[in-house]
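What follows is a single structure, written as structure tokens, with notes after it.
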Amino acid sequence: MYGCAICDKIFKQKDLLTQHIQMHGEPKLVCHHCGCKFKWRQSLGEHIKHCKYAPPGEKLVVPALSKVPWKKNAGLNPDDL
Ligand SMILES: [Zn+2]
Ligand SMILES: [Zn+2]
């Protein structure tokens, strides 16, 4: 039995699973530290926390969310926190 890692469907033949995974499309999110690919931003964020190739500072940043300049929005000095 072969399970799809993306939607948990089960297939008896590996060929069917391969076809099925192609239907999902290519994973678009790539960990730029180790090259691991992810379909979901959440998965990538989780991965980066544990990725042994990511520098410590990077592990605090969840991709895409880091685009938001929260410091300006909140009007807070990060040193005060
Ligand atoms: Zn699937
Ligand atoms: Zn990684």
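By order of appearance in the structure tokens: chains A, B, ..., then residues from 1 within every chain, and ligands from 1 in the order shown.
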task = Would you mind listing the residues within 7 Å of ligand 1, counting only C-alpha atoms and all ligand atoms, as a list in words?
result =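 The residues near ligand 1 are Cys4, Ala5, Ile6, Cys7, Asp8, Lys9, His20, Ile21 and His24 of chain A.
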request  = Using backbone DSSP assignments, extract all helix (DSSP H, G or I) residues from range 9-70 of chain A; output them as a PyMOL selection string.
outcome  = chain A and resi 14-24+41-50+56-60+65-67+70
Give me the chain A side of the contact with ligand 2, cut-off 12 Å, one line per residue showing its nearest atom pair and distance in Å at one decimal, counting only C-alpha atoms and all ligand atoms, sorted by chain and residue number, as CSV.
residue,atom,partner,partner_atom_place_in_ligand_line,distance
A:Leu29,CA,ligand 2,1 (Zn),10.9
A:Val30,CA,ligand 2,1 (Zn),8.1
A:Cys31,CA,ligand 2,1 (Zn),4.7
A:His32,CA,ligand 2,1 (Zn),6.7
A:His33,CA,ligand 2,1 (Zn),4.9
A:Cys34,CA,ligand 2,1 (Zn),4.2
A:Gly35,CA,ligand 2,1 (Zn),6.2
A:Cys36,CA,ligand 2,1 (Zn),5.6
A:Lys37,CA,ligand 2,1 (Zn),8.5
A:Phe38,CA,ligand 2,1 (Zn),10.1
A:Ser43,CA,ligand 2,1 (Zn),10.9
A:Leu44,CA,ligand 2,1 (Zn),8.1
A:Gly45,CA,ligand 2,1 (Zn),9.6
A:Glu46,CA,ligand 2,1 (Zn),9.7
A:His47,CA,ligand 2,1 (Zn),6.2
A:Ile48,CA,ligand 2,1 (Zn),5.5
A:Lys49,CA,ligand 2,1 (Zn),8.6
A:His50,CA,ligand 2,1 (Zn),7.6
A:Cys51,CA,ligand 2,1 (Zn),4.4
A:Lys52,CA,ligand 2,1 (Zn),6.8
A:Tyr53,CA,ligand 2,1 (Zn),6.0
A:Ala54,CA,ligand 2,1 (Zn),6.5
A:Pro55,CA,ligand 2,1 (Zn),10.3
A:Glu58,CA,ligand 2,1 (Zn),10.7
A:Lys59,CA,ligand 2,1 (Zn),10.0
Two-atom distance - CA of Gly25 in chain A, CA of Gly3 in chain A (Å) = 16.3 Å
query = Rounded to one decimal in Å, what is the spacing between CA of Leu16 in chain A and CA of Tyr2 in chain A?
reply =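 Going from CA of Leu16 in chain A over to CA of Tyr2 in chain A covers 8.9 Å.
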Pairwise distance for CA of Lys14 in chain A and CA of Lys28 in chain A, rounded to one decimal in Å =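 Taking CA of Lys14 in chain A as the start and CA of Lys28 in chain A as the end point, the length is 22.7 Å.
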